[in-house]
$ cat entry-v3.txt   # compact mmCIF, C-alpha atoms
# COMPACT_ATOMS: atom_id res chain seq x y z
CA MET A 1 -5.61 19.14 -10.88
CA THR A 2 -2.91 17.95 -13.23
CA LEU A 3 -1.10 14.68 -13.82
CA GLN A 4 2.05 16.23 -12.35
CA LEU A 5 0.37 16.97 -9.01
CA PHE A 6 -0.86 13.39 -8.74
CA LEU A 7 2.57 12.04 -9.62
CA LEU A 8 4.15 14.30 -6.99
CA LEU A 9 1.73 12.91 -4.40
CA ALA A 10 2.62 9.38 -5.52
CA SER A 11 6.36 10.13 -5.29
CA ALA A 12 5.96 11.54 -1.78
CA LEU A 13 3.95 8.50 -0.62
CA PHE A 14 6.47 6.14 -2.22
CA SER A 15 9.43 7.85 -0.55
CA VAL A 16 7.76 7.81 2.87
CA GLY A 17 7.02 4.11 2.42
CA LEU A 18 10.57 3.44 1.30
CA PHE A 19 11.94 5.25 4.35
CA GLY A 20 9.74 3.13 6.60
CA ALA A 21 10.59 -0.14 4.90
CA LEU A 22 14.32 0.59 5.20
CA SER A 23 14.42 2.05 8.69
CA GLN A 24 11.96 0.08 10.78
CA GLN A 25 13.14 -2.74 12.99
CA SER A 26 9.86 -4.53 13.49
CA ILE A 27 8.88 -6.88 10.65
CA VAL A 28 5.25 -5.73 10.68
CA MET A 29 6.29 -2.07 10.50
CA VAL A 30 8.37 -2.92 7.42
CA MET A 31 5.16 -4.27 5.91
CA MET A 32 3.44 -0.96 6.66
CA GLY A 33 6.14 0.73 4.60
CA LEU A 34 5.54 -1.69 1.73
CA GLU A 35 1.81 -0.95 1.89
CA LEU A 36 2.50 2.77 1.63
CA MET A 37 4.59 2.13 -1.49
CA VAL A 38 1.75 0.13 -3.06
CA ASN A 39 -0.56 2.99 -2.08
CA ALA A 40 1.63 5.29 -4.18
CA ALA A 41 1.35 2.84 -7.08
CA ILE A 42 -2.45 3.05 -6.86
CA VAL A 43 -2.38 6.85 -7.05
CA ALA A 44 0.06 6.86 -9.97
CA ALA A 45 -1.81 4.21 -11.97
CA ALA A 46 -5.18 5.89 -11.44
CA ALA A 47 -3.80 9.31 -12.40
CA PHE A 48 -2.13 7.94 -15.53
CA TRP A 49 -5.33 6.27 -16.59
CA ALA A 50 -7.45 9.38 -15.99
CA PHE A 51 -5.08 11.86 -17.60
CA VAL A 52 -3.60 9.85 -20.47
CA SER A 53 -6.02 7.30 -21.88
CA PRO A 54 -9.38 7.39 -20.14
CA SER A 55 -11.23 5.80 -23.04
CA GLN A 56 -9.70 2.36 -22.39
CA PRO A 57 -10.61 0.38 -19.24
CA ASP A 58 -7.04 -0.96 -18.82
CA GLY A 59 -6.03 1.51 -16.13
CA GLN A 60 -8.99 0.68 -13.91
CA VAL A 61 -8.24 -3.04 -14.20
CA LEU A 62 -4.61 -2.30 -13.29
CA VAL A 63 -5.70 -0.43 -10.14
CA LEU A 64 -7.90 -3.40 -9.23
CA VAL A 65 -4.94 -5.77 -9.63
CA VAL A 66 -2.72 -3.49 -7.51
CA ILE A 67 -5.31 -3.43 -4.71
CA THR A 68 -5.42 -7.25 -4.86
CA ALA A 69 -1.63 -7.39 -4.75
CA MET A 70 -1.68 -5.25 -1.62
CA THR A 71 -4.12 -7.64 0.08
CA VAL A 72 -2.02 -10.64 -0.90
CA GLU A 73 1.08 -8.89 0.40
CA MET A 74 -0.53 -8.29 3.78
CA ALA A 75 -1.82 -11.85 4.12
CA MET A 76 1.47 -13.49 3.14
CA GLY A 77 3.50 -10.99 5.15
CA PHE A 78 1.62 -11.74 8.35
CA ALA A 79 1.78 -15.48 7.66
CA VAL A 80 5.56 -15.31 7.26
CA ALA A 81 5.88 -13.05 10.33
CA ILE A 82 3.89 -15.55 12.42
CA ALA A 83 5.87 -18.49 10.99
CA ILE A 84 9.26 -16.96 11.80
CA PHE A 85 8.01 -15.91 15.24
CA ARG A 86 6.88 -19.45 15.98
CA ALA A 87 10.07 -20.97 14.61
CA SER A 88 12.62 -18.83 16.40
CA ASP A 89 10.89 -16.11 18.48
CA VAL A 90 11.98 -13.45 16.01
CA ASP A 91 9.91 -10.30 15.55
CA MET A 92 12.63 -7.90 14.47
CA THR A 93 14.51 -7.80 11.21
CA ASP A 94 17.91 -7.62 12.90
CA LEU A 95 17.27 -10.89 14.71
CA ALA A 96 16.49 -12.65 11.43
CA ALA A 97 20.01 -12.11 10.11
CA GLU A 98 20.60 -15.84 9.67
CA LEU A 99 18.24 -15.67 6.68
CA LYS A 100 21.17 -14.07 4.85
CA GLN A 101 23.27 -17.21 5.01
CA MET B 1 -12.90 23.50 -5.20
CA GLU B 2 -11.68 20.16 -6.48
CA LEU B 3 -8.13 21.44 -6.27
CA VAL B 4 -8.62 22.41 -2.62
CA ILE B 5 -9.97 18.94 -1.79
CA PHE B 6 -7.12 17.36 -3.76
CA LEU B 7 -4.47 19.36 -1.91
CA ALA B 8 -6.05 18.76 1.50
CA MET B 9 -6.26 15.01 0.86
CA ALA B 10 -2.72 14.92 -0.54
CA VAL B 11 -1.36 16.62 2.59
CA LEU B 12 -3.45 14.30 4.77
CA ALA B 13 -2.26 11.19 2.89
CA VAL B 14 1.42 12.10 3.13
CA SER B 15 1.32 13.42 6.70
CA SER B 16 -0.52 10.38 8.04
CA GLY B 17 1.93 8.26 6.06
CA ILE B 18 4.74 9.98 7.94
CA ALA B 19 2.80 9.59 11.19
CA VAL B 20 2.88 5.80 10.69
CA PHE B 21 6.60 5.82 11.47
CA VAL B 22 6.54 8.61 14.06
CA VAL B 23 3.83 7.62 16.57
CA ASP B 24 5.06 5.53 19.47
CA SER B 25 2.41 2.82 19.35
CA MET B 26 2.10 0.34 16.52
CA ALA B 27 -1.69 0.26 16.93
CA ARG B 28 -1.80 4.02 16.34
CA ALA B 29 0.50 3.54 13.36
CA THR B 30 -2.05 1.16 11.86
CA PHE B 31 -4.83 3.72 12.18
CA ALA B 32 -2.57 6.40 10.67
CA LEU B 33 -2.05 4.09 7.68
CA ALA B 34 -5.83 3.64 7.43
CA VAL B 35 -6.26 7.44 7.31
CA SER B 36 -3.65 7.62 4.56
CA PHE B 37 -5.55 5.01 2.53
CA ILE B 38 -8.86 6.81 3.03
CA ALA B 39 -7.28 10.03 1.72
CA VAL B 40 -6.02 8.13 -1.34
CA GLY B 41 -9.51 6.69 -1.84
CA VAL B 42 -10.93 10.22 -1.87
CA GLU B 43 -8.32 11.17 -4.49
CA LEU B 44 -9.56 8.30 -6.66
CA ILE B 45 -13.14 9.55 -6.23
CA LEU B 46 -11.93 12.99 -7.39
CA LEU B 47 -10.72 11.30 -10.58
CA ASP B 48 -14.31 10.05 -11.09
CA MET B 49 -13.28 6.50 -10.17
CA GLY B 50 -16.06 6.20 -7.62
CA TYR B 51 -16.15 2.42 -7.49
CA LEU B 52 -12.40 1.94 -7.12
CA GLY B 53 -12.18 4.75 -4.57
CA ILE B 54 -14.91 3.23 -2.42
CA ILE B 55 -13.47 -0.29 -2.57
CA THR B 56 -10.05 1.10 -1.66
CA ILE B 57 -11.54 2.79 1.40
CA LEU B 58 -13.67 -0.21 2.42
CA MET B 59 -10.94 -2.80 1.86
CA MET B 60 -8.27 -0.80 3.62
CA VAL B 61 -10.42 0.06 6.64
CA MET B 62 -11.25 -3.64 7.05
CA GLU B 63 -7.64 -4.61 6.41
CA MET B 64 -6.37 -2.20 9.05
CA ALA B 65 -9.03 -3.41 11.50
CA ILE B 66 -7.56 -6.91 11.11
CA MET B 67 -4.00 -5.63 11.02
CA VAL B 68 -4.32 -3.83 14.35
CA VAL B 69 -4.84 -7.19 16.07
CA PHE B 70 -1.56 -8.49 14.64
CA MET B 71 0.11 -5.20 15.50
CA ILE B 72 -0.87 -5.49 19.15
CA MET B 73 0.24 -9.13 19.11
CA LEU B 74 3.71 -8.30 17.76
CA MET B 75 4.03 -4.87 19.36
CA MET B 76 7.54 -3.84 20.35
CA ASN B 77 6.50 -1.10 22.72
CA PRO B 78 3.21 -2.03 24.42
CA GLY B 79 1.17 1.04 25.24
CA GLY B 80 4.22 3.28 25.08
CA LEU B 81 5.33 1.86 28.45
CA MET B 82 8.84 1.07 27.33
CA PRO B 83 10.05 3.92 25.15
CA MET B 84 12.50 2.51 22.67
CA SER B 85 13.76 3.35 19.26
CA MET B 86 12.17 1.23 16.56
CA PHE B 87 14.59 2.47 13.93
CA HIS B 88 17.82 1.18 12.51
CA ASN B 89 20.00 2.65 9.80
CA THR B 90 18.05 5.90 10.03
CA ARG B 91 20.59 8.01 8.18
CA GLY B 92 20.96 5.71 5.22
CA SER B 93 17.17 5.38 4.98
CA TRP B 94 16.78 9.18 4.99
CA LEU B 95 19.36 9.57 2.25
CA ILE B 96 17.90 6.82 0.06
CA SER B 97 14.28 7.92 0.45
CA LEU B 98 15.03 11.63 -0.08
CA GLY B 99 17.10 10.73 -3.13
CA THR B 100 14.26 8.59 -4.48
CA PHE B 101 11.80 11.43 -3.92
CA ALA B 102 14.09 13.88 -5.73
CA VAL B 103 14.44 11.55 -8.72
CA LEU B 104 10.72 10.73 -8.91
CA ALA B 105 9.62 14.34 -8.41
CA THR B 106 11.95 15.78 -11.04
CA GLY B 107 10.90 12.99 -13.38
CA SER B 108 7.20 13.65 -12.89
CA LEU B 109 7.66 17.41 -13.38
CA LEU B 110 10.11 17.40 -16.29
CA ILE B 111 9.05 14.47 -18.47
CA PRO B 112 6.71 15.57 -21.28
CA TRP B 113 3.80 13.26 -20.58
CA PRO B 114 1.56 12.26 -23.49
CA VAL B 115 -1.54 14.34 -24.00
CA ARG B 116 -4.95 12.97 -23.13
CA GLU B 117 -6.44 10.68 -25.74
CA GLY B 118 -10.15 10.03 -25.89
CA GLU B 119 -12.87 10.80 -23.40
CA PRO B 120 -13.82 8.66 -20.41
CA PRO B 121 -16.98 6.62 -20.90
CA ALA B 122 -20.13 7.98 -19.29
CA ASP B 123 -20.33 5.22 -16.68
CA LEU B 124 -16.85 4.23 -15.53
CA THR B 125 -18.03 1.48 -13.21
CA ARG B 126 -20.01 -0.12 -16.01
CA ALA B 127 -16.98 0.11 -18.32
CA LEU B 128 -14.85 -1.59 -15.65
CA GLY B 129 -17.42 -4.32 -15.12
CA GLU B 130 -17.67 -5.00 -18.83
CA ALA B 131 -13.88 -5.09 -19.13
CA ILE B 132 -13.61 -7.58 -16.24
CA MET B 133 -16.31 -9.79 -17.71
CA GLY B 134 -15.10 -9.38 -21.29
CA SER B 135 -11.72 -8.44 -22.65
CA LYS B 136 -9.88 -8.52 -19.29
CA MET B 137 -11.41 -11.72 -17.93
CA LEU B 138 -8.06 -13.53 -17.98
CA VAL B 139 -6.73 -11.01 -15.44
CA MET B 140 -9.51 -11.76 -13.02
CA ILE B 141 -9.15 -15.53 -13.53
CA ALA B 142 -5.46 -15.23 -12.67
CA VAL B 143 -6.28 -13.05 -9.64
CA SER B 144 -8.76 -15.62 -8.33
CA ALA B 145 -6.16 -18.39 -8.56
CA VAL B 146 -3.60 -16.18 -6.80
CA LEU B 147 -6.04 -15.33 -4.02
CA PHE B 148 -6.87 -18.99 -3.46
CA ALA B 149 -3.18 -19.89 -3.38
CA THR B 150 -2.65 -17.07 -0.88
CA MET B 151 -5.34 -18.39 1.44
CA VAL B 152 -3.91 -21.92 1.38
CA SER B 153 -0.28 -20.86 1.83
CA ALA B 154 -1.07 -18.33 4.57
CA LEU B 155 -2.85 -21.07 6.52
CA VAL B 156 -0.03 -23.55 5.94
CA LEU B 157 2.61 -21.05 7.06
CA SER B 158 0.84 -19.80 10.14
CA THR B 159 -0.55 -22.96 11.74
CA SER B 160 1.60 -24.09 14.60
CA ARG B 161 1.39 -27.79 13.87
CA GLY B 162 -0.03 -29.15 10.68
CA ARG B 163 -1.72 -32.46 10.07
CA TYR B 164 1.45 -34.20 8.94
CA ASP B 165 3.85 -32.87 11.56
CA SER B 166 4.70 -35.00 14.50
$ encode --input "entry-v3.txt" --output "structure tokens"
Amino acid sequence: MTLQLFLLLASALFSVGLFGALSQQSIVMVMMGLELMVNAAIVAAAAFWAFVSPSQPDGQVLVLVVITAMTVEMAMGFAVAIAIFRASDVDMTDLAAELKQ
Amino acid sequence: MELVIFLAMAVLAVSSGIAVFVVDSMARATFALAVSFIAVGVELILLDMGYLGIITILMMVMEMAIMVVFMIMLMMNPGGLMPMSMFHNTRGSWLISLGTFAVLATGSLLIPWPVREGEPPADLTRALGEAIMGSKMLVMIAVSAVLFATMVSALVLSTSRGRYDS
């Protein structure tokens, strides 16, 4: 196992998540894409810590913060999805186009 | 042996990640995402980060168990009864994500990464615990405030009628 292999895995996960976040119509499916991208960040941060400076605890704390960020993202994402659904019956990104204005 | 497990889990993580956007039911997509997270948790365990790997697996399995309820609630295609495309701008998304993968992959293969400095401590979980309770305590204090703010704002956003609405 090398750092490069882990980074390749992280790049693949990130790209799959990016594809999902860009191409999905449903708001919750967009959030699944975002979660996959954060998943890639976890892999990359953990691999960097283990292969570059394992003597410091910084990398582990960073992974912990990323996992927390993912949880916060899910909670706020669902709250916003429910709020916009209640406000205007919108559950697809294309229907929420007035947010642009 | 470790390499075999790594490769198997890497393939599982990426393929179930792809499955999230391919399966026709959003509930199944949620479970595919859970499988992807479990594979990533196993990768962390392979890096000797047992504690972080296990909390990733536990948190994500619980998170997906909650998420599947919301997925069914907001499902576009209940039970696969009404086949419909859930995609838009597929071509552009393909181009952008393949381009991103090309850039990231070449970067991770070509950049001369720094060599390993120092050895990991004997007990990684203990080192993490001491860091959280010592030099990195400010991080965890900030995280606790953020989590509390998240709980309050998620409730405020998602209640249908608050105390002060008419």
$ closest_residue --input "entry-v3.txt" --among "A:Val66, A:Ser53, A:Gly77, A:Ile84" --to "chain B" --atoms "all atoms listed in the file"
A:Ser53
$ interface_residues --input "entry-v3.txt" --of "chain B" --to "chain A" --cutoff "6 Å" --atoms "all atoms listed in the file" --output "list in words"
Leu3, Val14, Met86, Phe87, His88, Asn89, Thr90, Ser93, Ser97, Phe101, Leu104, Ala105, Ser108, Leu109, Arg116, Glu117, Gly118, Glu119, Pro120, Leu128, Ala154, Leu157 and Ser158 of chain B
$ closest_residue --input "entry-v3.txt" --among "B:Ser153, B:Ser36, B:Thr30, B:Ser25" --to "Met37 of chain A" --atoms "all atoms listed in the file"
B:Ser36
$ atom_distance --input "entry-v3.txt" --atom1 "atom CA of Val4 of chain B" --atom2 "atom CA of Glu43 of chain B"
11.4 Å
$ axis_aligned_box --input "entry-v3.txt" --around "segment 42-50 of chain A" --padding-each-side "3 Å" --output "JSON"
{"center_x": -3.7, "center_y": 6.2, "center_z": -11.7, "size_x": 13.5, "size_y": 12.3, "size_z": 15.7}
$ atom_distance --input "entry-v3.txt" --atom1 "atom CA of Ala32 of chain B" --atom2 "atom CA of Ile45 of chain B"
20.2 Å
$ atom_distance --input "entry-v3.txt" --atom1 "atom CA of Phe6 of chain B" --atom2 "atom CA of Leu44 of chain B"
9.8 Å
$ residues_around --input "entry-v3.txt" --residues "Phe31 of chain B" --least-positions-apart "4" --cutoff "10 Å" --atoms "all atoms listed in the file" --output "ChimeraX atom specification"
/B:16,19-20,26-27,35-37,61,64-65,67-68
$ closest_residue --input "entry-v3.txt" --among "B:Leu110, B:Met73, B:Met62, B:Leu47" --to "Ala44 of chain A" --atoms "all atoms listed in the file"
B:Leu47
$ decode --input "entry-v3.txt" --residues "segment 2-22 of chain A" --atoms "N, CA and C atoms" --output "PDB file, in the first residue's frame"
ATOM      1  N   THR A   2       0.582   2.144  -0.903  1.00  0.00           N
ATOM      2  CA  THR A   2       1.352   3.388  -0.942  1.00  0.00           C
ATOM      3  C   THR A   2       0.393   4.563  -0.843  1.00  0.00           C
ATOM      4  N   LEU A   3       0.992   5.743  -0.603  1.00  0.00           N
ATOM      5  CA  LEU A   3       0.191   6.966  -0.545  1.00  0.00           C
ATOM      6  C   LEU A   3      -0.536   7.195  -1.862  1.00  0.00           C
ATOM      7  N   GLN A   4       0.158   6.880  -2.981  1.00  0.00           N
ATOM      8  CA  GLN A   4      -0.441   7.126  -4.296  1.00  0.00           C
ATOM      9  C   GLN A   4      -1.722   6.325  -4.484  1.00  0.00           C
ATOM     10  N   LEU A   5      -1.712   5.055  -4.040  1.00  0.00           N
ATOM     11  CA  LEU A   5      -2.913   4.229  -4.198  1.00  0.00           C
ATOM     12  C   LEU A   5      -4.084   4.841  -3.430  1.00  0.00           C
ATOM     13  N   PHE A   6      -3.808   5.286  -2.196  1.00  0.00           N
ATOM     14  CA  PHE A   6      -4.872   5.883  -1.393  1.00  0.00           C
ATOM     15  C   PHE A   6      -5.388   7.160  -2.045  1.00  0.00           C
ATOM     16  N   LEU A   7      -4.450   7.950  -2.601  1.00  0.00           N
ATOM     17  CA  LEU A   7      -4.895   9.197  -3.232  1.00  0.00           C
ATOM     18  C   LEU A   7      -5.695   8.914  -4.501  1.00  0.00           C
ATOM     19  N   LEU A   8      -5.327   7.830  -5.218  1.00  0.00           N
ATOM     20  CA  LEU A   8      -6.125   7.457  -6.393  1.00  0.00           C
ATOM     21  C   LEU A   8      -7.538   7.075  -5.979  1.00  0.00           C
ATOM     22  N   LEU A   9      -7.644   6.290  -4.894  1.00  0.00           N
ATOM     23  CA  LEU A   9      -8.971   5.924  -4.386  1.00  0.00           C
ATOM     24  C   LEU A   9      -9.760   7.179  -4.026  1.00  0.00           C
ATOM     25  N   ALA A  10      -9.081   8.137  -3.346  1.00  0.00           N
ATOM     26  CA  ALA A  10      -9.772   9.365  -2.959  1.00  0.00           C
ATOM     27  C   ALA A  10     -10.206  10.142  -4.193  1.00  0.00           C
ATOM     28  N   SER A  11      -9.340  10.201  -5.232  1.00  0.00           N
ATOM     29  CA  SER A  11      -9.733  10.936  -6.443  1.00  0.00           C
ATOM     30  C   SER A  11     -10.936  10.291  -7.101  1.00  0.00           C
ATOM     31  N   ALA A  12     -10.947   8.939  -7.143  1.00  0.00           N
ATOM     32  CA  ALA A  12     -12.078   8.259  -7.776  1.00  0.00           C
ATOM     33  C   ALA A  12     -13.362   8.543  -7.011  1.00  0.00           C
ATOM     34  N   LEU A  13     -13.306   8.445  -5.664  1.00  0.00           N
ATOM     35  CA  LEU A  13     -14.513   8.708  -4.866  1.00  0.00           C
ATOM     36  C   LEU A  13     -14.973  10.145  -5.068  1.00  0.00           C
ATOM     37  N   PHE A  14     -14.013  11.080  -5.097  1.00  0.00           N
ATOM     38  CA  PHE A  14     -14.372  12.493  -5.246  1.00  0.00           C
ATOM     39  C   PHE A  14     -15.054  12.732  -6.585  1.00  0.00           C
ATOM     40  N   SER A  15     -14.507  12.094  -7.658  1.00  0.00           N
ATOM     41  CA  SER A  15     -15.089  12.339  -8.977  1.00  0.00           C
ATOM     42  C   SER A  15     -16.486  11.747  -9.078  1.00  0.00           C
ATOM     43  N   VAL A  16     -16.678  10.551  -8.490  1.00  0.00           N
ATOM     44  CA  VAL A  16     -18.021   9.961  -8.510  1.00  0.00           C
ATOM     45  C   VAL A  16     -18.998  10.869  -7.773  1.00  0.00           C
ATOM     46  N   GLY A  17     -18.562  11.382  -6.612  1.00  0.00           N
ATOM     47  CA  GLY A  17     -19.427  12.282  -5.852  1.00  0.00           C
ATOM     48  C   GLY A  17     -19.724  13.552  -6.617  1.00  0.00           C
ATOM     49  N   LEU A  18     -18.710  14.074  -7.300  1.00  0.00           N
ATOM     50  CA  LEU A  18     -18.910  15.300  -8.083  1.00  0.00           C
ATOM     51  C   LEU A  18     -19.902  15.066  -9.202  1.00  0.00           C
ATOM     52  N   PHE A  19     -19.768  13.889  -9.870  1.00  0.00           N
ATOM     53  CA  PHE A  19     -20.721  13.563 -10.938  1.00  0.00           C
ATOM     54  C   PHE A  19     -22.138  13.544 -10.378  1.00  0.00           C
ATOM     55  N   GLY A  20     -22.309  12.892  -9.219  1.00  0.00           N
ATOM     56  CA  GLY A  20     -23.642  12.814  -8.641  1.00  0.00           C
ATOM     57  C   GLY A  20     -24.184  14.176  -8.261  1.00  0.00           C
ATOM     58  N   ALA A  21     -23.337  14.989  -7.626  1.00  0.00           N
ATOM     59  CA  ALA A  21     -23.803  16.294  -7.170  1.00  0.00           C
ATOM     60  C   ALA A  21     -24.187  17.177  -8.350  1.00  0.00           C
ATOM     61  N   LEU A  22     -23.516  17.001  -9.493  1.00  0.00           N
ATOM     62  CA  LEU A  22     -23.839  17.838 -10.648  1.00  0.00           C
ATOM     63  C   LEU A  22     -25.018  17.308 -11.432  1.00  0.00           C
TER      64      LEU A  22
END
